[in-house]
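Chemist: Just target.pdb, nothing more (PDB, C-alpha atoms, pLDDT in the B column):
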ATOM      1  CA  MET A  15      34.280 -52.148  56.847  1.00 46.00           C
ATOM      2  CA  LEU A  16      34.260 -54.857  59.458  1.00 44.00           C
ATOM      3  CA  ILE A  17      31.715 -57.509  60.305  1.00 44.00           C
ATOM      4  CA  GLY A  18      31.992 -59.436  63.528  1.00 43.00           C
ATOM      5  CA  PHE A  19      31.401 -63.185  63.202  1.00 41.00           C
ATOM      6  CA  GLY A  20      31.948 -65.090  66.401  1.00 44.00           C
ATOM      7  CA  ARG A  21      35.466 -64.609  67.692  1.00 42.00           C
ATOM      8  CA  HIS A  22      37.027 -63.152  64.562  1.00 53.00           C
ATOM      9  CA  ARG A  23      36.183 -60.394  62.148  1.00 65.00           C
ATOM     10  CA  ASP A  24      35.653 -60.641  58.469  1.00 77.00           C
ATOM     11  CA  LYS A  25      36.220 -57.420  56.621  1.00 84.00           C
ATOM     12  CA  VAL A  26      36.211 -55.768  53.266  1.00 90.00           C
ATOM     13  CA  SER A  27      39.332 -53.679  52.792  1.00 91.00           C
ATOM     14  CA  THR A  28      38.906 -50.717  50.491  1.00 92.00           C
ATOM     15  CA  ILE A  29      41.082 -48.202  48.719  1.00 91.00           C
ATOM     16  CA  ALA A  30      39.820 -45.276  46.684  1.00 91.00           C
ATOM     17  CA  ALA A  31      40.854 -42.120  44.887  1.00 89.00           C
ATOM     18  CA  ILE A  32      38.950 -39.093  43.721  1.00 85.00           C
ATOM     19  CA  SER A  33      40.294 -37.605  40.515  1.00 85.00           C
ATOM     20  CA  VAL A  34      39.804 -34.002  39.556  1.00 79.00           C
ATOM     21  CA  ALA A  35      40.527 -32.708  36.081  1.00 75.00           C
ATOM     22  CA  PRO A  36      40.116 -28.942  36.534  1.00 65.00           C
ATOM     23  CA  HIS A  37      40.591 -28.022  32.869  1.00 70.00           C
ATOM     24  CA  ARG A  38      37.972 -30.499  31.703  1.00 64.00           C
ATOM     25  CA  ARG A  39      35.823 -29.887  34.796  1.00 68.00           C
ATOM     26  CA  ARG A  40      35.477 -33.595  35.491  1.00 76.00           C
ATOM     27  CA  ILE A  41      35.550 -35.515  38.709  1.00 82.00           C
ATOM     28  CA  GLY A  42      35.763 -39.267  39.102  1.00 85.00           C
ATOM     29  CA  LEU A  43      35.957 -42.004  41.685  1.00 91.00           C
ATOM     30  CA  TYR A  44      38.236 -45.029  41.470  1.00 92.00           C
ATOM     31  CA  TRP A  45      38.235 -47.829  44.004  1.00 94.00           C
ATOM     32  CA  ARG A  46      39.111 -51.397  44.752  1.00 94.00           C
ATOM     33  CA  THR A  47      37.811 -53.707  47.447  1.00 95.00           C
ATOM     34  CA  ASP A  48      39.317 -56.861  48.876  1.00 93.00           C
ATOM     35  CA  PRO A  49      37.214 -59.128  51.095  1.00 92.00           C
ATOM     36  CA  GLU A  50      40.120 -61.431  51.880  1.00 87.00           C
ATOM     37  CA  THR A  51      43.171 -59.380  52.888  1.00 87.00           C
ATOM     38  CA  TYR A  52      44.159 -55.962  54.092  1.00 87.00           C
ATOM     39  CA  ILE A  53      45.302 -53.358  51.587  1.00 88.00           C
ATOM     40  CA  ASN A  54      49.088 -53.519  51.895  1.00 89.00           C
ATOM     41  CA  ALA A  55      51.859 -51.618  50.081  1.00 89.00           C
ATOM     42  CA  GLU A  56      51.726 -54.053  47.162  1.00 92.00           C
ATOM     43  CA  ALA A  57      47.985 -53.473  46.721  1.00 92.00           C
ATOM     44  CA  VAL A  58      48.499 -49.697  46.989  1.00 90.00           C
ATOM     45  CA  VAL A  59      51.137 -49.793  44.244  1.00 92.00           C
ATOM     46  CA  GLU A  60      48.891 -51.891  41.988  1.00 94.00           C
ATOM     47  CA  PHE A  61      45.967 -49.518  42.610  1.00 93.00           C
ATOM     48  CA  ILE A  62      48.040 -46.452  41.694  1.00 93.00           C
ATOM     49  CA  ARG A  63      49.469 -48.256  38.658  1.00 94.00           C
ATOM     50  CA  GLU A  64      45.886 -48.847  37.497  1.00 94.00           C
ATOM     51  CA  LEU A  65      45.027 -45.201  38.167  1.00 92.00           C
ATOM     52  CA  LEU A  66      47.927 -44.106  35.979  1.00 93.00           C
ATOM     53  CA  ARG A  67      46.504 -46.210  33.144  1.00 92.00           C
ATOM     54  CA  HIS A  68      43.297 -44.162  33.322  1.00 90.00           C
ATOM     55  CA  LEU A  69      44.642 -40.692  34.062  1.00 88.00           C
ATOM     56  CA  ARG A  70      46.749 -38.646  31.666  1.00 86.00           C
ATOM     57  CA  GLY A  71      49.390 -36.087  32.431  1.00 86.00           C
ATOM     58  CA  LYS A  72      50.727 -35.189  35.838  1.00 87.00           C
ATOM     59  CA  VAL A  73      49.061 -36.987  38.744  1.00 87.00           C
ATOM     60  CA  ILE A  74      49.251 -35.654  42.275  1.00 84.00           C
ATOM     61  CA  VAL A  75      48.360 -38.133  44.992  1.00 84.00           C
ATOM     62  CA  ILE A  76      47.371 -36.681  48.349  1.00 81.00           C
ATOM     63  CA  TRP A  77      47.266 -39.312  51.059  1.00 82.00           C
ATOM     64  CA  ASP A  78      47.715 -39.907  54.725  1.00 78.00           C
ATOM     65  CA  GLY A  79      50.764 -41.429  56.345  1.00 75.00           C
ATOM     66  CA  GLY A  80      49.345 -44.939  56.575  1.00 78.00           C
ATOM     67  CA  SER A  81      51.910 -47.706  56.863  1.00 76.00           C
ATOM     68  CA  ASN A  82      50.747 -49.155  53.522  1.00 80.00           C
ATOM     69  CA  HIS A  83      51.721 -45.845  51.871  1.00 81.00           C
ATOM     70  CA  LYS A  84      55.357 -46.165  52.909  1.00 82.00           C
ATOM     71  CA  GLY A  85      58.299 -48.451  52.453  1.00 85.00           C
ATOM     72  CA  PRO A  86      60.745 -49.541  49.769  1.00 90.00           C
ATOM     73  CA  LEU A  87      58.092 -50.921  47.398  1.00 90.00           C
ATOM     74  CA  VAL A  88      56.227 -47.605  47.328  1.00 88.00           C
ATOM     75  CA  ARG A  89      59.464 -45.585  47.010  1.00 88.00           C
ATOM     76  CA  GLU A  90      60.642 -47.738  44.090  1.00 91.00           C
ATOM     77  CA  PHE A  91      57.291 -47.330  42.383  1.00 91.00           C
ATOM     78  CA  LEU A  92      57.292 -43.541  42.807  1.00 88.00           C
ATOM     79  CA  ALA A  93      60.802 -43.363  41.341  1.00 91.00           C
ATOM     80  CA  GLN A  94      59.599 -45.161  38.179  1.00 93.00           C
ATOM     81  CA  TYR A  95      56.861 -42.625  37.426  1.00 91.00           C
ATOM     82  CA  PRO A  96      58.096 -39.015  37.241  1.00 90.00           C
ATOM     83  CA  ARG A  97      54.585 -37.808  36.342  1.00 90.00           C
ATOM     84  CA  LEU A  98      53.399 -39.021  39.748  1.00 89.00           C
ATOM     85  CA  HIS A  99      53.858 -36.627  42.644  1.00 86.00           C
ATOM     86  CA  LEU A 100      53.082 -37.417  46.265  1.00 83.00           C
ATOM     87  CA  GLU A 101      51.783 -35.025  48.919  1.00 81.00           C
ATOM     88  CA  ARG A 102      51.263 -36.299  52.453  1.00 83.00           C
ATOM     89  CA  LEU A 103      48.533 -35.076  54.710  1.00 80.00           C
ATOM     90  CA  PRO A 104      49.448 -34.126  58.264  1.00 77.00           C
ATOM     91  CA  GLY A 105      49.213 -36.783  61.002  1.00 69.00           C
ATOM     92  CA  TYR A 106      45.580 -37.420  61.834  1.00 74.00           C
ATOM     93  CA  ALA A 107      43.598 -35.240  59.438  1.00 74.00           C
ATOM     94  CA  PRO A 108      40.450 -37.003  58.184  1.00 74.00           C
ATOM     95  CA  ASP A 109      38.834 -33.607  57.614  1.00 77.00           C
ATOM     96  CA  LEU A 110      41.443 -32.929  54.908  1.00 76.00           C
ATOM     97  CA  ASN A 111      41.093 -36.291  53.177  1.00 79.00           C
ATOM     98  CA  GLN A 112      38.350 -36.257  50.548  1.00 81.00           C
ATOM     99  CA  VAL A 113      38.208 -40.052  50.401  1.00 86.00           C
ATOM    100  CA  GLU A 114      37.346 -40.064  54.113  1.00 85.00           C
ATOM    101  CA  MET A 115      34.209 -38.140  53.130  1.00 85.00           C
ATOM    102  CA  ILE A 116      33.292 -41.009  50.794  1.00 89.00           C
ATOM    103  CA  TRP A 117      33.903 -43.596  53.552  1.00 89.00           C
ATOM    104  CA  SER A 118      31.857 -41.594  56.047  1.00 89.00           C
ATOM    105  CA  HIS A 119      28.948 -41.275  53.603  1.00 90.00           C
ATOM    106  CA  LEU A 120      29.145 -44.976  52.830  1.00 93.00           C
ATOM    107  CA  LYS A 121      29.527 -46.292  56.397  1.00 92.00           C
ATOM    108  CA  TYR A 122      27.282 -43.908  58.324  1.00 93.00           C
ATOM    109  CA  GLY A 123      24.792 -43.118  55.573  1.00 93.00           C
ATOM    110  CA  LEU A 124      24.297 -45.785  52.954  1.00 94.00           C
ATOM    111  CA  LEU A 125      25.314 -48.755  55.115  1.00 93.00           C
ATOM    112  CA  ALA A 126      23.808 -47.568  58.396  1.00 93.00           C
ATOM    113  CA  ASN A 127      21.884 -50.468  59.967  1.00 91.00           C
ATOM    114  CA  PHE A 128      22.920 -52.797  57.133  1.00 92.00           C
ATOM    115  CA  LEU A 129      23.509 -56.357  58.276  1.00 90.00           C
ATOM    116  CA  PRO A 130      25.352 -58.443  55.671  1.00 92.00           C
ATOM    117  CA  ARG A 131      24.822 -62.180  55.499  1.00 91.00           C
ATOM    118  CA  HIS A 132      28.532 -62.828  54.903  1.00 91.00           C
ATOM    119  CA  VAL A 133      31.650 -60.956  53.829  1.00 92.00           C
ATOM    120  CA  GLN A 134      31.011 -61.525  50.095  1.00 94.00           C
ATOM    121  CA  HIS A 135      27.561 -59.970  50.555  1.00 95.00           C
ATOM    122  CA  LEU A 136      29.181 -56.937  52.189  1.00 94.00           C
ATOM    123  CA  ASP A 137      31.710 -56.711  49.353  1.00 95.00           C
ATOM    124  CA  THR A 138      28.934 -56.813  46.746  1.00 96.00           C
ATOM    125  CA  VAL A 139      26.879 -54.141  48.501  1.00 96.00           C
ATOM    126  CA  VAL A 140      29.905 -51.883  49.099  1.00 96.00           C
ATOM    127  CA  ASN A 141      30.794 -52.091  45.385  1.00 96.00           C
ATOM    128  CA  GLU A 142      27.189 -51.384  44.364  1.00 97.00           C
ATOM    129  CA  HIS A 143      27.110 -48.283  46.577  1.00 96.00           C
ATOM    130  CA  LEU A 144      30.482 -47.107  45.275  1.00 95.00           C
ATOM    131  CA  GLU A 145      29.185 -47.529  41.711  1.00 95.00           C
ATOM    132  CA  GLY A 146      26.211 -45.367  42.674  1.00 95.00           C
ATOM    133  CA  ILE A 147      28.459 -42.714  44.171  1.00 92.00           C
ATOM    134  CA  ASP A 148      30.687 -42.817  41.080  1.00 91.00           C
ATOM    135  CA  ALA A 149      27.655 -42.245  38.863  1.00 92.00           C
ATOM    136  CA  ASP A 150      26.637 -39.153  40.862  1.00 90.00           C
ATOM    137  CA  ALA A 151      29.160 -36.414  40.056  1.00 85.00           C
ATOM    138  CA  ALA A 152      27.202 -33.876  42.121  1.00 86.00           C
ATOM    139  CA  LEU A 153      27.483 -36.116  45.192  1.00 87.00           C
ATOM    140  CA  ILE A 154      31.226 -36.579  44.711  1.00 85.00           C
ATOM    141  CA  GLN A 155      31.590 -32.812  44.302  1.00 83.00           C
ATOM    142  CA  SER A 156      29.711 -32.135  47.512  1.00 82.00           C
ATOM    143  CA  LEU A 157      31.770 -34.715  49.402  1.00 76.00           C
ATOM    144  CA  TRP A 158      34.942 -33.226  47.896  1.00 74.00           C
ATOM    145  CA  LYS A 159      33.895 -29.750  48.988  1.00 75.00           C
ATOM    146  CA  GLY A 160      33.375 -31.114  52.503  1.00 69.00           C
ATOM    147  CA  SER A 161      37.133 -31.340  52.799  1.00 67.00           C
ATOM    148  CA  ARG A 162      39.013 -28.499  54.422  1.00 67.00           C
ATOM    149  CA  LEU A 163      41.908 -28.587  51.956  1.00 66.00           C
ATOM    150  CA  PRO A 164      42.750 -25.002  50.939  1.00 60.00           C
ATOM    151  CA  PHE A 165      42.783 -25.633  47.183  1.00 57.00           C
ATOM    152  CA  VAL A 166      39.474 -27.499  46.973  1.00 51.00           C
ATOM    153  CA  GLU A 167      37.350 -24.592  45.734  1.00 50.00           C
ATOM    154  CA  LYS A 168      39.869 -23.665  43.035  1.00 51.00           C
ATOM    155  CA  ALA A 169      40.330 -27.252  41.869  1.00 50.00           C
ATOM    156  CA  LEU A 170      36.669 -28.059  41.474  1.00 48.00           C
ATOM    157  CA  LEU A 171      33.727 -26.871  39.573  1.00 44.00           C
ATOM    158  CA  THR A 172      32.162 -23.853  41.154  1.00 44.00           C
TER     159      THR A 172
END
For the structure just supplied, provide its representation as structure tokens.

Modeler:
Amino acid sequence: MLIGFGRHRDKVSTIAAISVAPHRRRIGLYWRTDPETYINAEAVVEFIRELLRHLRGKVIVIWDGGSNHKGPLVREFLAQYPRLHLERLPGYAPDLNQVEMIWSHLKYGLLANFLPRHVQHLDTVVNEHLEGIDADAALIQSLWKGSRLPFVEKALLT
């Protein structure tokens, strides 16, 4: 999310994950925003560490090949957690990334024509909307099903 102010841009960086527990038939949304810096490898590692505190058992992370998803810090972290498995999406594949469905709904639906007063206002509103999405399991399911990943129908509630 970017806001143009004069000659520079203020932004709210975001990271999110959708969790699916097929045996318990539960779906959840986890996220973090940062109105001051970009989400780098260190922030990605901290986000996944927090996810692992909330999720039990084996965790499979499916993500794109973003530069913040690579590097020695991420490799070291993955080596420390054998219950964490990583699957990379192909090159440019937003249609396979369920979190992209959340961002699209947020940016082009909920925040369409929204004009924040300042970056902290944007951060507050983005978090409020993400809380609303998190509280609506049916919405998350429909956004999840919008993905073209082959296992989506089997992994989710039917």

Chemist: Point out the residue among A:Arg131, A:Arg40, A:His83, A:Lys25 with the least atom-to-atom distance to Asn54 (chain A), counting all atoms listed in the file.

Modeler: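 The answer is A:His83, which sits nearest to Asn54 (chain A).
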
Chemist: Residues within 9 Å of region 141-145 of chain A, please, as a PyMOL selection string. Count all atoms listed in the file; anything in the same chain fewer than 4 positions from it doesn't count.

Modeler: chain A and resi 43-47+116+120+124-125+136-137+149-150

Chemist: Which residue out of A:His119, A:Ser27, A:Phe128, A:Ser156 has the minimum interatomic distance to Tyr52 (chain A) when all atoms listed in the file are used?

Modeler: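 When distances to Tyr52 (chain A) are compared using all atoms listed in the file, the smallest one comes from A:Ser27.
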
Chemist: Please measure the separation of CA of Arg67 (chain A) and CA of Ala107 (chain A), giving the value in Å to one decimal.

Modeler: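 These two atoms are separated by 28.6 Å.
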
Chemist: One decimal, in Å: what's the spacing between CA of Asn82 (chain A) and CA of Leu110 (chain A)?

Modeler: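 Separation between CA of Asn82 (chain A) and CA of Leu110 (chain A): 18.8 Å.
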
Chemist: Can you work out which one of A:Ser118, A:Gln134, A:Gln112, A:Ser81 has the shortest atom-to-atom distance to Ser33 (chain A), counting all atoms listed in the file?

Modeler: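 Between A:Ser118, A:Gln134, A:Gln112, A:Ser81, the residue approaching Ser33 (chain A) most closely is A:Gln112.
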
Chemist: So that I can see what lies close to Leu103 (chain A), please list as JSON, numbers by chain the residues with an atom at most 8 Å from it, counting all atoms listed in the file and leaving out residues fewer than 6 positions away in the same chain.

Modeler: {"A": [76, 77, 78, 79, 110, 111]}

Chemist: With distances taken over all atoms listed in the file, which of A:Glu56, A:Ile74, A:Ala152, A:Lys121 is nearest to Arg97 (chain A)?

Modeler: A:Ile74

Chemist: Could you jot down the CA of Thr51 (chain A) to CA of Leu65 (chain A) separation for me, Å, one decimal place?

Modeler: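 So the answer is 20.5 Å.
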
Chemist: When you count only C-alpha atoms, which of these residues is closest to Pro96 (chain A): A:Gly146, A:Gly80, A:Pro108, A:Gly71?

Modeler: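 When distances to Pro96 (chain A) are compared using only C-alpha atoms, the smallest one comes from A:Gly71.
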
Chemist: Using only C-alpha atoms for the distances, tell me which of A:Ala35, A:Val133, A:Val58, A:Ile41 is nearest to Asp148 (chain A).

Modeler: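 Ranked by minimum distance to Asp148 (chain A), first place goes to A:Ile41.
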
Chemist: Please return the centre and edge lengths, in Å to one decimal, of a box with edges along x, y and z that contains all listed atoms of region 91-107 of chain A, widened by 5 Å on every side, as lines of an AutoDock Vina configuration file.

Modeler:
center_x = 52.2
center_y = -40.7
center_z = 49.1
size_x = 27.2
size_y = 23.2
size_z = 35.5
